[in-house]
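*Asks:* My questions all concern the structure below.
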Amino acid sequence: ECFSGDTELLTDKGFVRFDNLKQNELVAQYNDDGTINYVKPLRYIQNEVNEYVSFKYKDIEIKTTKNHNMVFIQSDGKIKTRPAHEYLTNVLLEDKFITEAKINIDEEQKLTDYQRVCIMLQADGCLYHKGKYEDTYKLEFSKQRKIDKSIELLEKAKIPYKVYEHKRIFENTKWQPSTKITFKMPKQENKYKILTDFLEQPKNSTYARDILEEIMNWDAYVRHDGTTEYDSVVKENVDFVRLCAFLCGTKCSHILKIARKKENHNTIYRVCFDKKINWHYNRFTKELIKK
């Protein structure tokens with residue numbers, strides 16, 4: 001029994017579409033204690049089917065063959081499996097869909113102060129001056145919180161910086177005066193644009209949570225309902241943030257593609273995540289789809 005080809009699987013290299021999964025690639029296995037580890041599939045089977053069970057809730061849809069065993073949590077907390085087709089005919093209100101996982105393959109993996117600076121640079125920095133061996137980058141903030149936080153990170157990472165005394169005043173009176181901070185980083189072409197260029201895939205939940213919290217300091221928006229939105233024109237960054245959110249125990253959406261407002265605007269990708277909650281299966285619309 002199987003998923004549809006457009007279903008994404010978690011591998012040791014990140015989320016991959018099922019129909020793009022390569023042989024010998026390690027995939028995540030959910031364990032009874034709520035942790036995951038990466039294992040090599042026992043075998044690869046490709047079947048043509050004409051019926052799928054669709055589980056759909058808001059922007060999330062999972063399509064499986066009718067006899068695929070869906071993992072769920074009972075009301076007593078025990079993890080069980082149930083064939084997908086049983087949800088089409090039975091009202092199973094107590095079954096909870098698992099939306100969280102813990103991973104502790106490498107307990108020593110930690111987010112360094114230098115990596116925190118790189119996250120800040122990726123979110124809010126811009127190239128100020130090119131040098132032979134080092135490039136100078138600029139940060140410009142109006143919020144005192146970000147000014148203080150950036151200085152704190154630079155000092156912890158032992159990176160020299162300069163804070164300009166004169167604030168930048170804008171013609172638009174709605175814009176607050178801003179403070180400019182400059183600092184130098186090793187010359188690495190395009191090494192501060194993609195998160196995975198300087199961050200490893202999380203091998204423990206603490207590392208994933210630290211990454212997510214640092215990104216939220218600079219480049220995320222918290223809605224009134226407590227849901228956090230992360231947007232980027234770089235899909236690889238949104239993929240990575242979604243992976244971190246999942247591995248540190250939050251529920252998160254699939255990648256949303258935001259329509260361009262104007263022809264010359266870049267496509268924006270978004271992922272939403274919030275606190276740890278396991279959804280009940282009765283939240284999902286269940287439907288038998290025939291091809």
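Naming scheme: A, B, ... for chains in displayed order of the structure tokens; residues 1 onward per chain; ligands 1 onward as shown.
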Based on the backbone DSSP call, show me all residues of stretch 134-263 of chain A assigned strand (DSSP E), as a PyMOL selection string.
*Replies:* chain A and resi 134-141+161-163+179-186+221-222+228-232+251-252+256-258
*Asks:* Restricting it to C-alpha atoms, dump the selection as a compact mmCIF listing (two decimals), in the first residue's frame.
*Replies:*
# COMPACT_ATOMS: atom_id res chain seq x y z
CA GLU A 134 36.25 40.13 3.09
CA ASP A 135 32.98 41.79 2.19
CA THR A 136 31.31 44.48 4.27
CA TYR A 137 27.62 44.02 5.03
CA LYS A 138 25.07 46.52 6.26
CA LEU A 139 22.12 46.22 8.64
CA GLU A 140 19.64 49.05 9.05
CA PHE A 141 16.98 48.92 11.76
CA TYR A 161 31.21 46.12 13.86
CA LYS A 162 30.51 49.81 13.53
CA VAL A 163 27.34 51.61 14.64
CA THR A 179 20.35 53.07 12.66
CA LYS A 180 23.03 51.63 10.38
CA ILE A 181 25.41 48.87 11.49
CA THR A 182 28.24 47.52 9.32
CA PHE A 183 30.51 44.49 9.77
CA LYS A 184 32.81 42.27 7.71
CA MET A 185 32.34 38.62 6.77
CA PRO A 186 34.55 36.16 4.86
CA TYR A 221 5.37 37.43 11.25
CA VAL A 222 3.15 36.32 14.14
CA THR A 228 3.62 32.31 12.55
CA GLU A 229 4.10 33.04 8.85
CA TYR A 230 7.45 32.81 7.10
CA ASP A 231 7.69 34.21 3.56
CA SER A 232 10.55 34.12 1.08
CA LYS A 251 2.15 21.72 13.24
CA CYS A 252 2.90 23.35 9.91
CA LEU A 256 1.87 28.01 -0.14
CA LYS A 257 2.56 29.87 -3.38
CA ILE A 258 1.41 33.49 -3.16
*Asks:* Show which residues sit within 12 Å of stretch 77-90 of chain A, as a ChimeraX atom specification. Count only C-alpha atoms, and ignore same-chain residues fewer than 3 positions away.
*Replies:* /A:1-3,30-35,51-55,62-74,93-98,278,280-289
*Asks:* Using atom CA of A:Pro41 and atom CA of A:Glu25 as the two end points, give the distance in Å to one decimal.
*Replies:*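 For atom CA of A:Pro41 relative to atom CA of A:Glu25, the distance reads 7.9 Å.
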*Asks:* Check the DSSP output for the backbone and give back, as an MDAnalysis selection string, the residues of stretch 168-284 of chain A in alpha helix (DSSP H).
*Replies:* chainID A and resid 205:219 235:247
*Asks:* Quick one: pull the distance between atom CA of A:Ser142 and atom CA of A:Ile169, Å, one decimal.
*Replies:*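 Between atom CA of A:Ser142 and atom CA of A:Ile169 the gap is 10.3 Å.
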*Asks:* Could you tell me which of A:Val117, A:Ile215, A:Leu127, A:Leu42 comes closest to A:Lys158 if we count only C-alpha atoms?
*Replies:*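 When distances to A:Lys158 are compared using only C-alpha atoms, the smallest one comes from A:Val117.
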